[in-house]
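Containing mmCIF, C-alpha atoms and all ligand atoms: coords.cif.
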data_start
#
loop_
_atom_site.label_atom_id
_atom_site.label_comp_id
_atom_site.auth_asym_id
_atom_site.auth_seq_id
_atom_site.Cartn_x
_atom_site.Cartn_y
_atom_site.Cartn_z
CA MET A 58 0.92 -14.19 -17.17
CA SER A 59 3.26 -11.21 -17.60
CA GLN A 60 2.44 -8.76 -20.42
CA TRP A 61 6.01 -7.53 -20.68
CA ASN A 62 8.44 -8.49 -23.45
CA ALA A 63 12.25 -8.70 -23.27
CA ASP A 64 12.74 -5.01 -24.22
CA ASP A 65 10.29 -3.93 -21.53
CA GLU A 66 12.12 -6.08 -19.02
CA ARG A 67 15.44 -4.49 -19.99
CA ALA A 68 13.97 -1.00 -19.61
CA ILE A 69 12.53 -1.83 -16.19
CA LEU A 70 15.80 -3.34 -14.99
CA ASP A 71 17.76 -0.33 -16.31
CA SER A 72 15.53 2.09 -14.41
CA ILE A 73 15.95 0.03 -11.21
CA ALA A 74 19.73 -0.12 -11.69
CA ASN A 75 19.75 3.65 -12.16
CA TRP A 76 17.70 4.19 -9.00
CA VAL A 77 19.88 1.83 -6.98
CA ALA A 78 23.07 3.60 -8.11
CA LYS A 79 21.75 7.12 -7.52
CA GLU A 80 19.49 6.74 -4.49
CA VAL A 81 20.09 3.47 -2.63
CA ARG A 82 23.84 2.85 -2.65
CA PRO A 83 24.81 6.36 -1.46
CA VAL A 84 22.55 6.23 1.64
CA ALA A 85 22.89 2.56 2.61
CA ARG A 86 25.71 2.92 5.13
CA ARG A 87 24.16 5.94 6.85
CA PHE A 88 20.71 4.35 7.34
CA ASP A 89 22.18 0.98 8.29
CA GLN A 90 24.42 2.49 10.93
CA ALA A 91 21.68 4.73 12.32
CA ASP A 92 19.24 1.79 12.17
CA GLU A 93 16.78 4.31 10.73
CA TYR A 94 13.81 3.47 8.50
CA PRO A 95 14.42 4.86 4.99
CA HIS A 96 11.12 6.72 4.50
CA ALA A 97 12.37 8.61 1.42
CA LEU A 98 13.34 5.35 -0.30
CA VAL A 99 9.86 3.97 0.41
CA GLU A 100 8.32 6.96 -1.38
CA GLN A 101 10.63 6.33 -4.35
CA MET A 102 9.70 2.63 -4.33
CA LYS A 103 6.05 3.66 -4.60
CA GLU A 104 6.82 5.77 -7.67
CA LEU A 105 8.81 2.94 -9.25
CA GLY A 106 5.83 0.62 -8.74
CA LEU A 107 7.84 -1.81 -6.61
CA PHE A 108 4.98 -2.41 -4.17
CA GLY A 109 2.93 -3.72 -7.08
CA ALA A 110 5.77 -5.47 -8.88
CA THR A 111 4.15 -8.92 -8.99
CA ILE A 112 0.51 -7.85 -8.51
CA SER A 113 -1.54 -8.29 -11.70
CA GLN A 114 -2.13 -5.28 -13.91
CA GLN A 115 -5.90 -5.65 -13.48
CA TYR A 116 -5.38 -4.64 -9.83
CA GLY A 117 -3.02 -1.79 -10.69
CA GLY A 118 0.26 -3.69 -10.30
CA LEU A 119 3.08 -4.08 -12.81
CA GLY A 120 2.32 -7.78 -13.24
CA LEU A 121 6.00 -8.69 -13.56
CA SER A 122 7.07 -12.30 -13.86
CA ALA A 123 8.90 -13.89 -10.92
CA SER A 124 11.94 -14.04 -13.19
CA THR A 125 12.03 -10.26 -13.78
CA TYR A 126 11.15 -9.61 -10.16
CA ALA A 127 14.09 -11.75 -8.98
CA LYS A 128 16.46 -9.73 -11.16
CA ILE A 129 15.16 -6.52 -9.57
CA VAL A 130 15.76 -7.97 -6.11
CA ILE A 131 19.32 -9.03 -7.03
CA GLU A 132 20.03 -5.47 -8.20
CA VAL A 133 18.67 -3.85 -5.03
CA ALA A 134 20.33 -6.36 -2.68
CA SER A 135 23.68 -6.00 -4.45
CA ALA A 136 23.77 -2.44 -3.07
CA TRP A 137 21.83 -2.92 0.18
CA MET A 138 19.76 -5.99 1.02
CA ALA A 139 17.50 -4.45 3.66
CA PRO A 140 15.19 -2.32 1.46
CA SER A 141 14.27 -5.38 -0.60
CA GLY A 142 12.57 -6.66 2.57
CA ILE A 143 10.17 -3.71 2.53
CA PHE A 144 8.53 -4.85 -0.70
CA ASN A 145 9.29 -8.57 -0.44
CA SER A 146 7.09 -9.67 2.45
CA HIS A 147 4.50 -7.12 1.28
CA LEU A 148 4.37 -8.95 -2.05
CA ILE A 149 4.12 -12.38 -0.40
CA MET A 150 1.02 -11.05 1.37
CA ALA A 151 -0.31 -9.69 -1.94
CA SER A 152 0.43 -12.94 -3.72
CA ALA A 153 -1.52 -14.96 -1.12
CA ILE A 154 -4.50 -12.58 -1.44
CA GLU A 155 -4.39 -12.74 -5.24
CA ARG A 156 -4.10 -16.53 -5.32
CA PHE A 157 -6.45 -17.47 -2.49
CA GLY A 158 -8.52 -14.42 -1.55
CA THR A 159 -12.18 -13.83 -2.33
CA GLU A 160 -13.06 -11.41 -5.15
CA ALA A 161 -14.06 -8.83 -2.53
CA GLN A 162 -10.70 -9.19 -0.73
CA LYS A 163 -8.77 -8.81 -3.99
CA ALA A 164 -10.79 -5.76 -5.04
CA GLU A 165 -10.38 -4.10 -1.65
CA PHE A 166 -6.70 -4.77 -0.91
CA LEU A 167 -4.72 -5.36 -4.11
CA PRO A 168 -5.12 -1.87 -5.67
CA LYS A 169 -3.98 -0.10 -2.51
CA MET A 170 -1.20 -2.63 -1.99
CA ALA A 171 -0.02 -2.05 -5.59
CA THR A 172 0.45 1.67 -4.96
CA GLY A 173 2.06 1.14 -1.56
CA GLU A 174 -0.75 3.05 0.16
CA PHE A 175 -1.28 -0.18 2.15
CA ARG A 176 2.01 -1.89 2.96
CA GLY A 177 2.01 -5.31 4.55
CA GLY A 178 4.02 -8.25 5.76
CA ILE A 179 3.57 -11.82 6.92
CA GLY A 180 2.89 -12.80 10.51
CA LEU A 181 3.76 -16.47 10.98
CA THR A 182 6.53 -16.86 13.55
CA GLU A 183 5.78 -16.96 17.27
CA PRO A 184 8.13 -17.02 20.26
CA ASN A 185 7.73 -20.81 20.52
CA ALA A 186 7.35 -21.72 16.83
CA GLY A 187 9.24 -20.80 13.66
CA SER A 188 10.09 -23.84 11.54
CA ASP A 189 7.29 -25.83 13.16
CA LEU A 190 4.51 -23.44 12.19
CA GLN A 191 1.82 -25.95 13.05
CA ALA A 192 2.80 -25.41 16.71
CA ILE A 193 1.64 -21.77 16.74
CA ARG A 194 -0.63 -20.79 19.62
CA THR A 195 -2.34 -17.63 18.38
CA THR A 196 -6.05 -18.32 18.12
CA ALA A 197 -9.02 -16.75 16.37
CA ARG A 198 -12.42 -17.61 17.83
CA ARG A 199 -15.65 -16.84 15.95
CA GLU A 200 -18.04 -14.40 17.65
CA GLY A 201 -20.97 -13.38 15.46
CA ASP A 202 -19.68 -11.66 12.29
CA ASP A 203 -16.19 -11.29 13.76
CA TYR A 204 -13.28 -13.34 15.03
CA ILE A 205 -11.47 -12.53 18.27
CA VAL A 206 -7.69 -13.00 18.05
CA ASP A 207 -5.42 -13.65 21.03
CA GLY A 208 -1.71 -14.50 20.97
CA SER A 209 1.65 -13.15 19.97
CA LYS A 210 4.02 -13.06 17.01
CA THR A 211 7.70 -12.25 16.79
CA TRP A 212 10.22 -11.06 14.20
CA ILE A 213 7.45 -9.66 11.98
CA THR A 214 9.10 -7.54 9.31
CA ASN A 215 7.30 -4.36 8.17
CA SER A 216 4.89 -4.53 11.08
CA GLY A 217 6.09 -1.27 12.61
CA ASN A 218 5.83 1.00 9.57
CA GLY A 219 3.34 -1.08 7.60
CA HIS A 220 -0.44 -1.06 7.74
CA GLY A 221 -1.24 -4.70 8.36
CA ILE A 222 -0.11 -8.29 7.97
CA LEU A 223 -1.19 -11.64 6.73
CA LEU A 224 -1.84 -13.33 10.06
CA LEU A 225 -1.58 -17.10 10.58
CA VAL A 226 -3.74 -18.37 13.44
CA LYS A 227 -5.45 -21.47 14.79
CA THR A 228 -9.21 -21.37 14.30
CA ASN A 229 -9.39 -24.91 15.67
CA PRO A 230 -6.51 -25.60 18.08
CA GLU A 231 -7.73 -29.19 18.62
CA ALA A 232 -7.68 -30.19 14.93
CA GLU A 233 -5.77 -33.29 13.82
CA PRO A 234 -3.75 -33.10 11.69
CA ARG A 235 -2.84 -29.72 13.17
CA HIS A 236 -2.73 -27.84 9.85
CA LYS A 237 -6.45 -28.43 9.33
CA GLY A 238 -7.14 -26.04 12.20
CA MET A 239 -5.06 -23.18 10.73
CA SER A 240 -6.37 -20.09 8.96
CA LEU A 241 -5.05 -16.90 7.43
CA PHE A 242 -6.45 -13.43 7.98
CA ILE A 243 -5.82 -10.05 6.42
CA ALA A 244 -5.17 -8.20 9.67
CA GLU A 245 -5.19 -4.42 9.59
CA LYS A 246 -3.81 -2.43 12.48
CA GLY A 247 -6.44 -1.41 15.00
CA PRO A 248 -7.46 -1.78 18.64
CA GLY A 249 -6.03 -5.02 20.10
CA PHE A 250 -3.26 -5.26 17.43
CA VAL A 251 -0.28 -4.17 19.51
CA VAL A 252 3.20 -3.56 18.08
CA SER A 253 5.44 -3.94 21.09
CA GLY A 254 8.64 -2.57 19.65
CA LYS A 255 11.42 -2.99 17.14
CA MET A 256 13.82 -5.87 17.73
CA LYS A 257 17.56 -5.16 17.88
CA LYS A 258 19.37 -7.06 15.14
CA LEU A 259 22.87 -8.00 13.98
CA GLY A 260 22.10 -6.88 10.44
CA TYR A 261 19.09 -6.18 8.21
CA LYS A 262 19.08 -2.86 10.03
CA ALA A 263 16.83 0.09 9.33
CA ILE A 264 13.96 -2.30 8.61
CA ASP A 265 11.41 -2.88 11.33
CA SER A 266 11.09 -6.45 12.61
CA CYS A 267 8.75 -6.30 15.60
CA GLU A 268 7.08 -8.30 18.31
CA LEU A 269 3.30 -8.21 18.13
CA SER A 270 0.63 -9.11 20.60
CA PHE A 271 -3.06 -9.59 20.01
CA GLN A 272 -5.35 -9.04 22.95
CA GLY A 273 -8.98 -9.48 22.07
CA TYR A 274 -8.22 -8.12 18.58
CA ARG A 275 -11.54 -8.11 16.71
CA ILE A 276 -11.36 -8.89 13.00
CA PRO A 277 -14.36 -9.14 10.64
CA ALA A 278 -15.07 -12.61 9.23
CA GLY A 279 -14.73 -11.04 5.75
CA ARG A 280 -10.98 -10.81 6.38
CA LEU A 281 -10.57 -14.62 6.49
CA VAL A 282 -8.54 -15.34 3.33
CA GLY A 283 -10.73 -17.16 0.82
CA GLY A 284 -13.60 -17.12 3.33
CA VAL A 285 -12.84 -20.69 4.45
CA GLU A 286 -11.31 -21.88 7.72
CA GLY A 287 -8.63 -24.58 7.81
CA LYS A 288 -6.77 -23.60 4.62
CA GLY A 289 -4.23 -21.20 6.12
CA PHE A 290 -1.26 -23.55 6.22
CA ALA A 291 -1.60 -24.55 2.55
CA GLN A 292 -2.20 -20.92 1.54
CA ILE A 293 0.94 -19.69 3.25
CA ALA A 294 3.00 -22.60 1.92
CA GLY A 295 1.97 -21.59 -1.64
CA GLY A 296 3.07 -18.00 -0.99
CA LEU A 297 6.44 -19.11 0.33
CA GLU A 298 7.57 -20.37 -3.09
CA LEU A 299 7.71 -16.77 -4.32
CA GLY A 300 9.20 -15.80 -0.98
CA ARG A 301 11.99 -18.35 -1.36
CA ILE A 302 12.79 -17.23 -4.90
CA ASN A 303 12.98 -13.73 -3.48
CA VAL A 304 15.29 -14.71 -0.60
CA ALA A 305 17.45 -16.60 -3.09
CA ALA A 306 17.69 -13.35 -5.08
CA ARG A 307 18.55 -11.38 -1.96
CA GLY A 308 21.34 -13.84 -1.10
CA CYS A 309 22.57 -13.73 -4.68
CA GLY A 310 22.46 -9.92 -4.61
CA ILE A 311 24.58 -9.88 -1.45
CA ALA A 312 27.01 -12.29 -3.13
CA GLN A 313 27.16 -10.16 -6.27
CA GLY A 314 27.61 -6.93 -4.32
CA ALA A 315 30.37 -8.42 -2.17
CA LEU A 316 32.11 -9.71 -5.31
CA GLN A 317 31.91 -6.28 -6.96
CA LEU A 318 33.41 -4.57 -3.92
CA ALA A 319 36.14 -7.21 -3.55
CA LEU A 320 36.98 -7.18 -7.26
CA ARG A 321 37.57 -3.45 -7.19
CA TYR A 322 39.50 -3.50 -3.93
CA ALA A 323 41.71 -6.35 -5.12
CA GLN A 324 42.82 -4.23 -8.08
CA GLU A 325 43.40 -1.08 -5.99
CA ARG A 326 45.22 -2.63 -3.04
CA SER A 327 48.84 -3.64 -3.44
CA ALA A 328 50.93 -5.98 -1.34
CA PHE A 329 54.42 -7.25 -2.06
CA SER A 330 54.73 -4.74 -4.94
CA LYS A 331 51.72 -5.84 -6.94
CA PRO A 332 47.93 -5.54 -6.85
CA ILE A 333 46.57 -8.27 -4.60
CA CYS A 334 44.39 -9.56 -7.49
CA GLU A 335 47.65 -10.86 -8.98
CA HIS A 336 48.26 -13.12 -5.97
CA GLN A 337 46.93 -16.57 -6.67
CA ALA A 338 45.29 -16.91 -3.23
CA ILE A 339 43.09 -13.90 -4.02
CA GLN A 340 42.42 -15.10 -7.59
CA LEU A 341 41.07 -18.39 -6.22
CA LYS A 342 38.66 -16.49 -3.99
CA LEU A 343 37.45 -14.20 -6.80
CA ALA A 344 36.96 -17.16 -9.13
CA GLN A 345 34.94 -19.12 -6.59
CA MET A 346 32.85 -16.09 -5.67
CA ALA A 347 32.01 -15.30 -9.30
CA THR A 348 31.09 -18.93 -9.94
CA GLN A 349 28.79 -18.95 -6.89
CA VAL A 350 27.04 -15.80 -8.13
CA GLU A 351 26.44 -17.16 -11.63
CA ALA A 352 25.29 -20.59 -10.36
CA SER A 353 22.82 -18.86 -8.02
CA LYS A 354 21.39 -16.84 -10.89
CA LEU A 355 20.79 -19.98 -12.93
CA LEU A 356 19.02 -21.77 -10.06
CA ILE A 357 16.88 -18.67 -9.42
CA GLU A 358 15.95 -18.45 -13.10
CA GLN A 359 15.03 -22.16 -13.17
CA ALA A 360 12.74 -21.80 -10.14
CA ALA A 361 11.23 -18.52 -11.35
CA ARG A 362 10.42 -19.90 -14.80
CA LYS A 363 8.60 -22.85 -13.25
CA TYR A 364 6.74 -20.52 -10.90
CA ASP A 365 5.75 -18.29 -13.85
CA ALA A 366 4.56 -21.34 -15.80
CA GLY A 367 2.34 -22.32 -12.87
CA GLU A 368 4.32 -25.53 -12.35
CA ARG A 369 5.18 -27.07 -9.00
CA CYS A 370 8.48 -25.53 -7.89
CA ASP A 371 8.89 -26.24 -4.17
CA MET A 372 12.09 -28.21 -4.80
CA GLU A 373 13.50 -25.72 -7.31
CA ALA A 374 12.67 -22.72 -5.10
CA ALA A 375 14.27 -24.49 -2.13
CA MET A 376 17.41 -25.27 -4.17
CA ALA A 377 17.62 -21.67 -5.36
CA LYS A 378 17.18 -20.34 -1.82
CA LEU A 379 19.68 -22.79 -0.35
CA HIS A 380 22.33 -21.96 -2.92
CA GLY A 381 21.67 -18.22 -3.16
CA SER A 382 21.76 -17.69 0.60
CA GLU A 383 24.89 -19.79 1.10
CA ALA A 384 26.51 -17.93 -1.81
CA GLY A 385 25.74 -14.68 0.03
CA VAL A 386 27.42 -15.92 3.20
CA PHE A 387 30.38 -17.37 1.28
CA CYS A 388 31.01 -14.30 -0.86
CA ALA A 389 30.58 -11.81 1.99
CA SER A 390 32.98 -13.85 4.11
CA GLU A 391 35.57 -14.19 1.32
CA ALA A 392 35.27 -10.48 0.53
CA MET A 393 36.01 -9.74 4.20
CA ARG A 394 39.27 -11.68 3.87
CA ILE A 395 40.16 -9.85 0.65
CA PHE A 396 39.63 -6.50 2.39
CA GLY A 397 41.93 -7.60 5.19
CA GLY A 398 41.91 -5.30 8.22
CA TYR A 399 39.76 -2.70 6.46
CA SER A 400 36.92 -5.22 6.31
CA TYR A 401 36.49 -4.58 10.03
CA SER A 402 36.08 -0.85 9.58
CA THR A 403 32.58 0.57 9.52
CA GLU A 404 34.00 3.21 7.15
CA TYR A 405 33.82 0.50 4.49
CA GLU A 406 30.68 -1.14 3.10
CA ILE A 407 31.72 -4.77 3.19
CA GLU A 408 31.02 -5.41 6.88
CA ARG A 409 27.31 -4.70 6.23
CA TYR A 410 27.16 -7.46 3.61
CA TYR A 411 28.74 -9.82 6.14
CA ARG A 412 26.15 -8.92 8.81
CA ASP A 413 23.21 -9.07 6.39
CA ALA A 414 24.12 -12.34 4.68
CA MET A 415 23.38 -14.85 7.45
CA LEU A 416 19.70 -13.90 7.70
CA MET A 417 19.13 -15.30 4.21
CA CYS A 418 20.00 -18.78 5.55
CA ILE A 419 17.31 -18.44 8.25
CA GLY A 420 14.31 -16.60 6.78
CA GLU A 421 11.57 -18.19 4.58
CA GLY A 422 12.51 -21.62 5.91
CA THR A 423 15.92 -22.36 7.39
CA ASN A 424 18.41 -24.01 5.07
CA GLU A 425 18.19 -27.17 7.18
CA ILE A 426 14.43 -27.36 6.63
CA LEU A 427 14.84 -26.59 2.93
CA GLN A 428 17.26 -29.48 2.52
CA THR A 429 14.63 -31.81 3.96
CA ILE A 430 12.12 -30.43 1.41
CA ILE A 431 14.59 -30.99 -1.43
CA ALA A 432 15.34 -34.55 -0.30
CA LYS A 433 11.65 -35.46 0.15
CA GLN A 434 10.84 -34.16 -3.33
CA LEU A 435 13.81 -35.96 -4.84
CA VAL A 436 12.50 -39.24 -3.45
CA ALA A 437 8.89 -38.47 -4.43
CA ARG A 438 9.88 -37.57 -8.00
CA ASN A 439 12.23 -40.54 -8.36
CA PRO A 440 10.47 -43.60 -6.92
CA ALA A 441 12.66 -46.71 -6.86
C1 LIG B 501 15.48 -10.51 10.92
C2 LIG B 501 14.38 -11.52 10.85
C3 LIG B 501 13.21 -11.21 10.15
C4 LIG B 501 12.14 -12.10 10.14
N1 LIG B 501 10.97 -11.74 9.52
C5 LIG B 501 9.89 -12.56 9.66
C6 LIG B 501 8.61 -12.15 9.17
O1 LIG B 501 8.46 -11.10 8.55
N2 LIG B 501 7.55 -12.97 9.38
C7 LIG B 501 7.67 -14.15 10.05
O2 LIG B 501 6.66 -14.83 10.22
N3 LIG B 501 8.88 -14.58 10.51
C8 LIG B 501 9.98 -13.81 10.35
N4 LIG B 501 11.19 -14.22 10.83
C9 LIG B 501 11.28 -15.48 11.55
C10 LIG B 501 11.96 -16.58 10.73
O3 LIG B 501 11.12 -16.95 9.67
C11 LIG B 501 12.26 -17.73 11.71
O4 LIG B 501 13.31 -17.28 12.56
C12 LIG B 501 12.67 -18.99 10.98
O5 LIG B 501 11.56 -19.55 10.31
C13 LIG B 501 13.25 -20.05 11.93
O6 LIG B 501 12.42 -20.27 13.00
P1 LIG B 501 13.02 -20.23 14.50
O7 LIG B 501 13.82 -19.00 14.62
O8 LIG B 501 11.88 -20.42 15.44
O9 LIG B 501 14.01 -21.45 14.58
P2 LIG B 501 13.64 -22.96 15.00
O10 LIG B 501 12.47 -23.42 14.21
O11 LIG B 501 13.54 -23.02 16.47
O12 LIG B 501 14.93 -23.72 14.50
C14 LIG B 501 16.14 -23.74 15.29
C15 LIG B 501 17.12 -24.64 14.55
O13 LIG B 501 16.61 -25.98 14.48
C16 LIG B 501 16.57 -26.40 13.10
N5 LIG B 501 15.39 -27.25 12.91
C17 LIG B 501 14.14 -27.08 13.40
N6 LIG B 501 13.34 -28.07 12.98
C18 LIG B 501 14.08 -28.88 12.19
C19 LIG B 501 13.80 -30.06 11.43
N7 LIG B 501 12.59 -30.62 11.39
N8 LIG B 501 14.81 -30.62 10.72
C20 LIG B 501 16.06 -30.06 10.73
N9 LIG B 501 16.37 -28.95 11.42
C21 LIG B 501 15.40 -28.35 12.13
C22 LIG B 501 16.49 -25.11 12.30
O14 LIG B 501 16.95 -25.30 10.97
C23 LIG B 501 17.40 -24.21 13.11
O15 LIG B 501 18.73 -24.51 12.76
C24 LIG B 501 12.28 -13.35 10.80
C25 LIG B 501 13.47 -13.68 11.45
C26 LIG B 501 14.51 -12.78 11.48
C27 LIG B 501 15.77 -13.16 12.22
#
Would you write out, as structure tokens, the structure that this file holds?
Ligand SMILES: Cc1cc2nc3c(=O)[nH]c(=O)nc-3n(C[C@H](O)[C@H](O)[C@H](O)COP(=O)(O)OP(=O)(O)OC[C@H]3O[C@@H](n4cnc5c(N)ncnc54)[C@H](O)[C@@H]3O)c2cc1C
Amino acid sequence: MSQWNADDERAILDSIANWVAKEVRPVARRFDQADEYPHALVEQMKELGLFGATISQQYGGLGLSASTYAKIVIEVASAWMAPSGIFNSHLIMASAIERFGTEAQKAEFLPKMATGEFRGGIGLTEPNAGSDLQAIRTTARREGDDYIVDGSKTWITNSGNGHGILLLVKTNPEAEPRHKGMSLFIAEKGPGFVVSGKMKKLGYKAIDSCELSFQGYRIPAGRLVGGVEGKGFAQIAGGLELGRINVAARGCGIAQGALQLALRYAQERSAFSKPICEHQAIQLKLAQMATQVEASKLLIEQAARKYDAGERCDMEAAMAKLHGSEAGVFCASEAMRIFGGYSYSTEYEIERYYRDAMLMCIGEGTNEILQTIIAKQLVARNPA
């Protein structure tokens, strides 16, 4: 439960808004275009406590609610979405350790994760399996006090500059149902944990998403999350609720940022002897964009409040993520039209929003998969 009151929340959000305006927005275009990791911003994030944003205060984190955290993410992503990824998947890892880890795992990892001394990510996706995670092939086989991991992962964000990942493996590849053979490990970099290189991406630049391979990677049994095999799939599914609220916030932030840029441009740019914001075609776009942003915020708040209350929120988080990410794509695309030809210039910011937006429809569960989750829950909660 968060210890912060409404005034504290306001003060935290003001300090983040100040940081975003002074430090993030001015460098976004340069780092994005150079596809260069923003080390200085990471140091500032450490000072702001962002790496411990949702980690409990007893472990040195800020212990923020998901609701406050989502507002922080919207603010950051409204200027530049990519840096929010540096603390987002790190915090999903931390959340899984805090919810499912042993006391020893919490005591060892959470304090150094809260300061950013240890920065992590989540290693689920493999070349052959993304949505269908139960099809992963990476295995961990017990050998004395250790496990030996073999396999590969792909698209793992933060794995280049970070210190380790939450690693989903099969400890029993023959298990039926398949999820009963899946386990999660806290995998620190070391011999056998090979980062094969940064992937080239359309957007979400500057942040490292890498291919990994594990070749006889030896990991102590004490790193098995919760100390029990066969729980990995459920543990990661629990962590993804926070992840989806976060991606919803990133999509909403992109939508809000694109709206802000378009709103300003529409008042500055004239065509046919008047500012383009006075043309009805542009007004319709601005109105729809603003409505999408506000609707996304409400869905995010609904999901976050349920998450904070410890209530089931898979459907609400999925709805928030579906709407927030689509709002990001819609608003970035509409803003491109409002900017006309200049939208295509890399001298302007808006093209970055357009490139970054689509990822939000794919990560943390594709929007197709999320719609199946929403529909299944609708039926389950409303039996005929
Ligand atoms: C930039 C970037 C960063 C990423 N970071 C991470 C990370 O840090 N950690 C990590 O583990 N992963 C990461 N991912 C991977 C991401 O989570 C996966 O790409 C995503 O889960 C989709 O999996 P896939 O790409 O294998 O697509 P597939 O699962 O192959 O899906 C292909 C298409 O089929 C559809 N589809 C599949 N199954 C169904 C179904 N049952 N019903 C309806 N439609 C279906 C999908 O919606 C999609 O449209 C990242 C990806 C990108 C691009």
Write out as a list of chain:residue names the residues lying within 12 Å of His236 (chain A), counting all atoms listed in the file and excluding same-chain residues fewer than 3 positions away. A:Asp189, A:Leu190, A:Gln191, A:Ala192, A:Ile193, A:Leu225, A:Val226, A:Lys227, A:Thr228, A:Asn229, A:Pro230, A:Glu231, A:Ala232, A:Glu233, A:Met239, A:Ser240, A:Leu241, A:Glu286, A:Gly287, A:Lys288, A:Gly289, A:Phe290, A:Ala291, A:Gln292, A:Ile293, A:Ala294
Report as JSON the centre and the edge lengths, in Å to one decimal, of the axis-aligned box holding every listed atom of region 259-268 of chain A, padded by 3 Å on each side.
{"center_x": 15.0, "center_y": -4.1, "center_z": 13.3, "size_x": 21.8, "size_y": 14.4, "size_z": 16.1}
Please build the interface table for chain A against ligand LIG 501 (chain B) with a cut-off of 8 Å, listing for each qualifying residue the nearest atom pair and the distance in Å to one decimal; count all atoms listed in the file, order rows by chain and increasing number, and write it as CSV.
residue,atom,partner,partner_atom,distance
A:Ser146,CA,B:LIG501,O1,6.4
A:Gly178,CA,B:LIG501,O1,6.0
A:Ile179,CA,B:LIG501,N2,4.8
A:Gly180,CA,B:LIG501,O2,4.3
A:Leu181,CA,B:LIG501,O2,3.4
A:Thr182,CA,B:LIG501,O2,3.9
A:Glu183,CA,B:LIG501,O8,7.2
A:Pro184,CA,B:LIG501,O8,7.0
A:Asn185,CA,B:LIG501,O8,6.6
A:Ala186,CA,B:LIG501,O8,4.9
A:Gly187,CA,B:LIG501,O8,3.2
A:Ser188,CA,B:LIG501,O10,3.6
A:Asp189,CA,B:LIG501,O10,5.8
A:Lys210,CA,B:LIG501,O2,7.5
A:Thr211,CA,B:LIG501,N3,6.8
A:Trp212,CA,B:LIG501,C24,4.6
A:Ile213,CA,B:LIG501,O1,3.9
A:Thr214,CA,B:LIG501,O1,3.7
A:Asn215,CA,B:LIG501,O1,6.8
A:Ser216,CA,B:LIG501,O1,7.9
A:Lys258,CA,B:LIG501,C1,6.7
A:Gly260,CA,B:LIG501,C1,7.6
A:Tyr261,CA,B:LIG501,C1,6.3
A:Ser266,CA,B:LIG501,C3,5.8
A:Leu416,CA,B:LIG501,C27,6.0
A:Ile419,CA,B:LIG501,C12,5.4
A:Gly420,CA,B:LIG501,O3,4.3
A:Glu421,CA,B:LIG501,O3,5.3
A:Gly422,CA,B:LIG501,O5,5.0
A:Thr423,CA,B:LIG501,O14,4.7
A:Asn424,CA,B:LIG501,O14,6.2
A:Glu425,CA,B:LIG501,O14,4.4
A:Ile426,CA,B:LIG501,C20,5.2
A:Thr429,CA,B:LIG501,N8,6.9
For a quick check of your reading of the model, name the residues lying within 8 Å of the coordinate (30.1, -11.2, -7.5), counting all atoms listed in the file, and write them as a PyMOL selection string. chain A and resi 312-317+320+343+346-347+349-350+388
In Å and to one decimal, CA of Glu93 (chain A) is distant from CA of Gly249 (chain A) by 26.4 Å
Enter the distance from CA of Ile431 (chain A) to CA of Met372 (chain A), in Å, rounded to one decimal.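 Calculated distance between CA of Ile431 (chain A) and CA of Met372 (chain A) is 5.0 Å.
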Name the residues in contact with Arg409 (chain A) at a cut-off of 10 Å, using all atoms listed in the file, excluding same-chain residues fewer than 6 positions from it; report them as number ranges by chain. A: 85-86, 89-90, 137-138, 259-262, 311, 315, 389, 400-401, 403
